[in-house]
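This report concerns only the one structure given below.
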Amino acid sequence: MSADSTLLDRIVFQPVLCEVWKQYMEGAVYHLASFFLLLGYMGGSGTFGAIYIFGFLAVGFLCSALWGWLDACGLDIFLWNILLVLICLLQLAHLVYQLRKDAFSEEFDQLYKQVCQPLQVPPQIYKEIVKCCEEQVLPLVRDQNYAVEGKTSIDRLSFLLSGRIRVSQDGQFLHYVFPYQFLDSPEWESLRPSEEGTFQVTLTAETDCSFITWQRKKLYSLLAKERYIARLFSVLLGYDISEKLYALNEKLFAKFGLRFDIRLPSLYHVLGSTSSDTEVEKEPGENKELPAPPCKSPTFVQTAPVAPCTVVPPAHPRMPRPDSDLSGEDSTSLVLEDFAELTGSFMDYVSEGEYMK
(Lines give C-alpha, C1' and ligand atoms only; values in the text may rest on other atoms or scores of the structure.)
Protein backbone atom coordinates (compact mmCIF):
# COMPACT_ATOMS: atom_id res chain seq x y z
CA MET A 1 0.00 0.00 0.00
CA SER A 2 1.33 3.45 -0.93
CA ALA A 3 2.47 5.74 1.85
CA ASP A 4 0.32 8.66 0.69
CA SER A 5 -2.96 6.77 1.12
CA THR A 6 -5.30 8.43 3.58
CA LEU A 7 -6.91 6.87 6.64
CA LEU A 8 -10.27 6.88 4.88
CA ASP A 9 -8.82 4.92 1.97
CA ARG A 10 -7.31 2.36 4.31
CA ILE A 11 -10.58 1.89 6.22
CA VAL A 12 -13.26 2.15 3.50
CA PHE A 13 -11.92 1.89 0.00
CA GLN A 14 -8.81 -0.29 0.48
CA PRO A 15 -9.28 -2.02 3.80
CA VAL A 16 -6.38 -3.93 5.20
CA LEU A 17 -7.47 -7.18 6.76
CA CYS A 18 -5.69 -8.72 9.68
CA GLU A 19 -3.59 -11.59 8.46
CA VAL A 20 -2.85 -13.06 11.87
CA TRP A 21 -5.23 -12.89 14.82
CA LYS A 22 -4.07 -13.14 18.38
CA GLN A 23 -4.29 -16.57 19.84
CA TYR A 24 -5.22 -15.34 23.31
CA MET A 25 -8.00 -13.19 24.74
CA GLU A 26 -7.50 -9.95 26.60
CA GLY A 27 -7.44 -10.05 30.37
CA ALA A 28 -10.44 -9.87 32.69
CA VAL A 29 -9.84 -6.19 33.38
CA TYR A 30 -10.50 -5.29 29.76
CA HIS A 31 -13.82 -7.16 29.70
CA LEU A 32 -14.82 -5.70 33.06
CA ALA A 33 -14.19 -2.21 31.66
CA SER A 34 -16.43 -2.94 28.68
CA PHE A 35 -19.17 -4.22 31.00
CA PHE A 36 -19.15 -1.05 33.14
CA LEU A 37 -19.17 1.16 30.05
CA LEU A 38 -22.22 -0.73 28.78
CA LEU A 39 -24.04 -0.17 32.07
CA GLY A 40 -23.12 3.51 32.03
CA TYR A 41 -24.54 4.13 28.58
CA MET A 42 -27.85 2.56 29.64
CA GLY A 43 -28.57 5.40 32.11
CA GLY A 44 -31.66 7.63 32.14
CA SER A 45 -32.30 11.37 32.14
CA GLY A 46 -32.45 13.92 34.90
CA THR A 47 -30.03 14.58 37.73
CA PHE A 48 -30.09 11.07 39.16
CA GLY A 49 -29.82 9.58 35.68
CA ALA A 50 -26.70 11.67 35.05
CA ILE A 51 -25.19 10.50 38.36
CA TYR A 52 -25.84 6.90 37.28
CA ILE A 53 -24.22 7.45 33.88
CA PHE A 54 -21.06 9.23 35.04
CA GLY A 55 -20.63 6.86 37.98
CA PHE A 56 -20.45 3.76 35.80
CA LEU A 57 -18.40 5.56 33.14
CA ALA A 58 -15.80 6.54 35.74
CA VAL A 59 -15.47 2.89 36.85
CA GLY A 60 -15.31 1.69 33.24
CA PHE A 61 -12.59 4.17 32.25
CA LEU A 62 -10.62 3.28 35.39
CA CYS A 63 -10.67 -0.38 34.40
CA SER A 64 -9.55 0.57 30.88
CA ALA A 65 -6.66 2.57 32.36
CA LEU A 66 -5.59 -0.45 34.43
CA TRP A 67 -5.77 -2.62 31.31
CA GLY A 68 -3.61 -0.16 29.35
CA TRP A 69 -1.04 -0.03 32.17
CA LEU A 70 -0.87 -3.72 33.05
CA ASP A 71 -1.76 -5.71 29.90
CA ALA A 72 -1.56 -3.49 26.82
CA CYS A 73 1.48 -1.61 28.18
CA GLY A 74 0.41 1.49 26.29
CA LEU A 75 1.13 4.85 27.83
CA ASP A 76 -1.38 6.65 25.59
CA ILE A 77 -4.15 4.20 26.54
CA PHE A 78 -3.42 4.72 30.20
CA LEU A 79 -3.26 8.56 30.01
CA TRP A 80 -6.45 8.96 27.97
CA ASN A 81 -8.47 6.75 30.28
CA ILE A 82 -7.14 8.47 33.40
CA LEU A 83 -8.16 11.82 31.87
CA LEU A 84 -11.67 10.49 31.22
CA VAL A 85 -11.90 9.22 34.80
CA LEU A 86 -11.04 12.67 36.15
CA ILE A 87 -13.66 14.33 33.92
CA CYS A 88 -16.35 11.91 35.14
CA LEU A 89 -15.40 12.52 38.78
CA LEU A 90 -15.59 16.29 38.32
CA GLN A 91 -19.02 15.95 36.73
CA LEU A 92 -20.19 13.75 39.62
CA ALA A 93 -18.98 16.31 42.15
CA HIS A 94 -20.89 19.05 40.33
CA LEU A 95 -24.10 17.01 40.29
CA VAL A 96 -23.87 16.16 44.00
CA TYR A 97 -23.28 19.84 44.78
CA GLN A 98 -26.38 20.81 42.82
CA LEU A 99 -28.44 18.25 44.72
CA ARG A 100 -27.27 19.54 48.10
CA LYS A 101 -27.79 23.10 46.99
CA ASP A 102 -31.39 22.43 45.91
CA ALA A 103 -32.21 20.25 48.93
CA PHE A 104 -35.23 21.28 51.04
CA SER A 105 -36.47 20.41 54.47
CA GLU A 106 -38.76 17.44 54.92
CA GLU A 107 -41.93 19.54 54.84
CA PHE A 108 -41.04 21.31 51.60
CA ASP A 109 -39.79 18.12 50.01
CA GLN A 110 -43.11 16.41 50.78
CA LEU A 111 -44.99 19.45 49.47
CA TYR A 112 -43.14 19.21 46.16
CA LYS A 113 -43.94 15.51 45.82
CA GLN A 114 -47.62 15.96 46.65
CA VAL A 115 -48.44 19.16 44.71
CA CYS A 116 -45.76 20.24 42.25
CA GLN A 117 -44.23 17.00 41.02
CA PRO A 118 -47.54 15.67 39.57
CA LEU A 119 -47.77 18.93 37.61
CA GLN A 120 -44.16 18.48 36.39
CA VAL A 121 -43.01 21.73 37.95
CA PRO A 122 -39.22 22.11 37.50
CA PRO A 123 -37.23 22.15 40.75
CA GLN A 124 -35.78 25.55 39.85
CA ILE A 125 -39.28 27.06 39.67
CA TYR A 126 -40.26 25.39 42.93
CA LYS A 127 -37.15 26.83 44.53
CA GLU A 128 -38.29 30.35 43.60
CA ILE A 129 -41.71 29.70 45.15
CA VAL A 130 -40.17 28.40 48.38
CA LYS A 131 -37.74 31.29 48.49
CA CYS A 132 -40.66 33.74 48.33
CA CYS A 133 -42.08 32.32 51.58
CA GLU A 134 -38.61 32.49 53.17
CA GLU A 135 -38.60 28.70 53.65
CA GLN A 136 -40.40 29.06 56.98
CA VAL A 137 -42.98 26.62 58.33
CA LEU A 138 -45.27 28.36 60.82
CA PRO A 139 -47.14 26.54 63.62
CA LEU A 140 -50.79 26.93 64.59
CA VAL A 141 -51.79 25.35 67.89
CA ARG A 142 -55.19 23.83 68.58
CA ASP A 143 -58.11 26.29 68.99
CA GLN A 144 -55.94 29.15 67.74
CA ASN A 145 -57.48 31.45 65.15
CA TYR A 146 -55.72 31.99 61.88
CA ALA A 147 -58.20 34.72 60.93
CA VAL A 148 -61.16 36.37 62.66
CA GLU A 149 -64.24 37.42 60.75
CA GLY A 150 -64.34 41.16 60.10
CA LYS A 151 -61.04 41.84 61.91
CA THR A 152 -58.11 40.11 60.22
CA SER A 153 -56.85 41.91 57.14
CA ILE A 154 -56.14 40.04 53.91
CA ASP A 155 -52.41 40.60 53.54
CA ARG A 156 -51.07 37.10 52.83
CA LEU A 157 -51.78 33.74 51.20
CA SER A 158 -51.24 30.56 53.22
CA PHE A 159 -51.05 26.86 52.44
CA LEU A 160 -51.80 24.17 55.02
CA LEU A 161 -49.19 21.43 55.42
CA SER A 162 -50.61 19.42 58.33
CA GLY A 163 -53.61 19.48 60.65
CA ARG A 164 -57.20 20.58 60.05
CA ILE A 165 -58.76 24.04 59.98
CA ARG A 166 -62.42 24.77 60.72
CA VAL A 167 -64.09 27.55 58.68
CA SER A 168 -67.17 29.23 60.14
CA GLN A 169 -69.26 32.37 59.62
CA ASP A 170 -71.39 33.96 62.33
CA GLY A 171 -70.75 30.87 64.44
CA GLN A 172 -72.10 28.56 61.71
CA PHE A 173 -69.84 25.79 60.43
CA LEU A 174 -69.07 25.95 56.70
CA HIS A 175 -66.36 23.45 55.83
CA TYR A 176 -62.91 22.15 56.74
CA VAL A 177 -59.51 22.94 55.27
CA PHE A 178 -57.35 19.85 54.97
CA PRO A 179 -53.60 19.44 54.34
CA TYR A 180 -52.27 20.64 50.99
CA GLN A 181 -55.10 23.14 50.58
CA PHE A 182 -55.01 26.92 50.66
CA LEU A 183 -56.35 28.56 53.78
CA ASP A 184 -57.56 31.78 52.21
CA SER A 185 -57.85 31.24 48.45
CA PRO A 186 -61.34 32.86 48.17
CA GLU A 187 -60.13 35.97 50.00
CA TRP A 188 -57.03 36.16 47.81
CA GLU A 189 -59.05 35.98 44.61
CA SER A 190 -61.67 38.45 45.85
CA LEU A 191 -59.26 41.40 45.94
CA ARG A 192 -57.19 43.15 43.34
CA PRO A 193 -53.53 43.87 44.09
CA SER A 194 -54.33 47.49 44.97
CA GLU A 195 -57.36 46.71 47.16
CA GLU A 196 -57.58 46.02 50.88
CA GLY A 197 -60.10 43.90 52.75
CA THR A 198 -60.83 41.77 55.79
CA PHE A 199 -61.82 38.15 56.23
CA GLN A 200 -65.54 37.35 56.05
CA VAL A 201 -65.06 34.01 57.82
CA THR A 202 -63.25 32.73 60.91
CA LEU A 203 -60.57 30.07 60.55
CA THR A 204 -59.79 28.05 63.67
CA ALA A 205 -57.34 25.19 64.11
CA GLU A 206 -59.05 22.01 65.27
CA THR A 207 -55.71 20.24 65.68
CA ASP A 208 -52.10 21.31 65.86
CA CYS A 209 -51.32 22.60 62.38
CA SER A 210 -48.39 23.82 60.33
CA PHE A 211 -48.55 26.04 57.28
CA ILE A 212 -46.49 28.23 55.00
CA THR A 213 -47.43 31.75 54.03
CA TRP A 214 -46.54 34.23 51.32
CA GLN A 215 -46.74 37.94 52.01
CA ARG A 216 -49.09 39.60 49.58
CA LYS A 217 -46.72 42.17 48.12
CA LYS A 218 -43.82 39.75 47.69
CA LEU A 219 -46.03 37.14 46.03
CA TYR A 220 -47.59 39.67 43.65
CA SER A 221 -44.09 40.81 42.71
CA LEU A 222 -43.06 37.21 41.99
CA LEU A 223 -46.20 36.54 39.93
CA ALA A 224 -45.61 39.68 37.89
CA LYS A 225 -42.02 38.65 37.18
CA GLU A 226 -42.50 34.94 36.52
CA ARG A 227 -45.33 34.15 34.11
CA TYR A 228 -45.04 30.39 34.62
CA ILE A 229 -45.47 30.76 38.39
CA ALA A 230 -48.46 33.07 37.84
CA ARG A 231 -50.18 30.42 35.70
CA LEU A 232 -49.31 27.73 38.23
CA PHE A 233 -50.88 29.68 41.11
CA SER A 234 -53.91 30.45 38.96
CA VAL A 235 -54.49 26.72 38.39
CA LEU A 236 -53.89 25.80 42.04
CA LEU A 237 -56.12 28.57 43.39
CA GLY A 238 -58.93 27.80 40.95
CA TYR A 239 -58.86 24.13 41.85
CA ASP A 240 -58.78 24.92 45.56
CA ILE A 241 -61.77 27.28 45.36
CA SER A 242 -63.76 24.71 43.40
CA GLU A 243 -62.99 22.11 46.08
CA LYS A 244 -64.31 24.46 48.76
CA LEU A 245 -67.49 25.11 46.75
CA TYR A 246 -68.12 21.41 46.30
CA ALA A 247 -67.49 20.91 50.01
CA LEU A 248 -70.38 23.31 50.63
CA ASN A 249 -72.43 21.56 47.95
CA GLU A 250 -72.05 18.26 49.80
CA LYS A 251 -73.92 19.79 52.72
CA LEU A 252 -76.97 20.73 50.65
CA PHE A 253 -79.14 17.66 50.21
CA ALA A 254 -82.71 16.72 49.39
CA LYS A 255 -85.00 14.24 51.08
CA PHE A 256 -85.65 12.08 48.01
CA GLY A 257 -82.06 11.43 47.04
CA LEU A 258 -81.71 14.56 44.89
CA ARG A 259 -78.47 16.40 45.63
CA PHE A 260 -78.89 20.16 45.49
CA ASP A 261 -76.67 22.01 43.04
CA ILE A 262 -74.80 25.15 44.08
CA ARG A 263 -75.58 26.62 40.63
CA LEU A 264 -79.35 26.68 41.27
CA PRO A 265 -81.02 30.12 41.23
CA SER A 266 -81.78 31.87 44.54
CA LEU A 267 -79.24 29.78 46.43
CA TYR A 268 -77.50 32.85 47.76
CA HIS A 269 -80.82 33.99 49.28
CA VAL A 270 -81.05 30.69 51.13
CA LEU A 271 -77.49 30.80 52.39
CA GLY A 272 -78.11 34.29 53.67
CA SER A 273 -81.34 33.40 55.41
CA THR A 274 -80.30 30.19 57.19
CA SER A 275 -79.72 32.01 60.45
CA SER A 276 -83.18 33.61 60.33
CA ASP A 277 -84.80 30.24 59.57
CA THR A 278 -83.38 28.74 62.74
CA GLU A 279 -85.08 31.45 64.80
CA VAL A 280 -88.44 30.61 63.24
CA GLU A 281 -87.98 26.92 64.03
CA LYS A 282 -87.65 27.66 67.75
CA GLU A 283 -91.44 28.30 68.04
CA PRO A 284 -93.08 25.86 65.62
CA GLY A 285 -96.51 26.13 67.27
CA GLU A 286 -96.95 29.84 66.63
CA ASN A 287 -97.65 31.34 63.21
CA LYS A 288 -96.34 34.84 63.70
CA GLU A 289 -96.11 37.29 60.85
CA LEU A 290 -92.59 38.36 60.19
CA PRO A 291 -91.72 41.92 59.23
CA ALA A 292 -91.45 42.37 55.51
CA PRO A 293 -87.81 42.63 54.43
CA PRO A 294 -86.93 45.33 51.94
CA CYS A 295 -87.09 44.24 48.33
CA LYS A 296 -83.87 44.29 46.40
CA SER A 297 -84.15 46.23 43.20
CA PRO A 298 -83.41 44.16 40.07
CA THR A 299 -80.66 44.98 37.68
CA PHE A 300 -83.08 46.52 35.12
CA VAL A 301 -85.00 49.80 35.54
CA GLN A 302 -88.45 49.36 37.03
CA THR A 303 -91.36 51.32 35.56
CA ALA A 304 -94.25 49.85 37.56
CA PRO A 305 -94.80 50.32 41.31
CA VAL A 306 -93.31 47.58 43.40
CA ALA A 307 -95.42 45.78 45.96
CA PRO A 308 -93.95 45.21 49.41
CA CYS A 309 -92.39 41.82 49.91
CA THR A 310 -94.02 39.57 52.45
CA VAL A 311 -92.83 36.29 53.89
CA VAL A 312 -95.56 33.70 54.33
CA PRO A 313 -94.87 31.35 57.24
CA PRO A 314 -95.01 27.64 56.45
CA ALA A 315 -98.36 25.91 56.77
CA HIS A 316 -96.93 23.16 58.97
CA PRO A 317 -94.03 23.31 61.42
CA ARG A 318 -90.79 21.77 60.35
CA MET A 319 -89.53 18.73 62.12
CA PRO A 320 -86.11 18.96 63.75
CA ARG A 321 -83.34 17.55 61.62
CA PRO A 322 -81.33 14.56 62.78
CA ASP A 323 -78.10 15.20 64.58
CA SER A 324 -74.84 14.93 62.70
CA ASP A 325 -71.41 13.85 63.69
CA LEU A 326 -69.91 17.20 62.69
CA SER A 327 -70.74 20.16 64.86
CA GLY A 328 -72.72 22.81 62.97
CA GLU A 329 -74.01 20.34 60.43
CA ASP A 330 -77.68 21.01 61.25
CA SER A 331 -77.43 24.75 60.66
CA THR A 332 -76.08 24.48 57.12
CA SER A 333 -77.68 21.26 55.84
CA LEU A 334 -80.73 22.21 53.78
CA VAL A 335 -83.66 20.18 52.49
CA LEU A 336 -86.16 20.88 49.76
CA GLU A 337 -88.55 22.52 52.22
CA ASP A 338 -86.06 25.35 52.71
CA PHE A 339 -86.50 26.36 49.07
CA ALA A 340 -90.25 25.92 48.75
CA GLU A 341 -90.94 29.53 49.79
CA LEU A 342 -88.54 31.15 47.34
CA THR A 343 -89.42 32.27 43.86
CA GLY A 344 -87.02 31.06 41.23
CA SER A 345 -85.94 28.12 43.35
CA PHE A 346 -85.82 24.42 42.60
CA MET A 347 -89.45 23.98 43.68
CA ASP A 348 -90.63 26.12 40.73
CA TYR A 349 -89.55 23.32 38.37
CA VAL A 350 -91.81 20.32 37.80
CA SER A 351 -88.89 17.89 37.61
CA GLU A 352 -85.15 17.80 37.71
CA GLY A 353 -85.07 17.24 33.97
CA GLU A 354 -86.96 20.49 33.39
CA TYR A 355 -84.43 22.35 35.52
CA MET A 356 -81.51 20.88 33.58
CA LYS A 357 -82.98 22.26 30.37
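Naming works like this for the C-alpha coordinates: A, B, ... for the chains as they're shown, residue 1 at the start of each chain, ligands 1 onward in shown order.
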Write out as a PyMOL selection string which residues come within 7 Å of range 64-70 of chain A when counting only C-alpha atoms, dropping same-chain ones fewer than 4 positions away. chain A and resi 29-30+33+60+74-75+77-78+81-82
What lies within 7 Å of range 210-218 of chain A using only C-alpha atoms, ignoring chain neighbours under 6 positions off, as number ranges by chain? A: 132-133, 136-140, 155-163
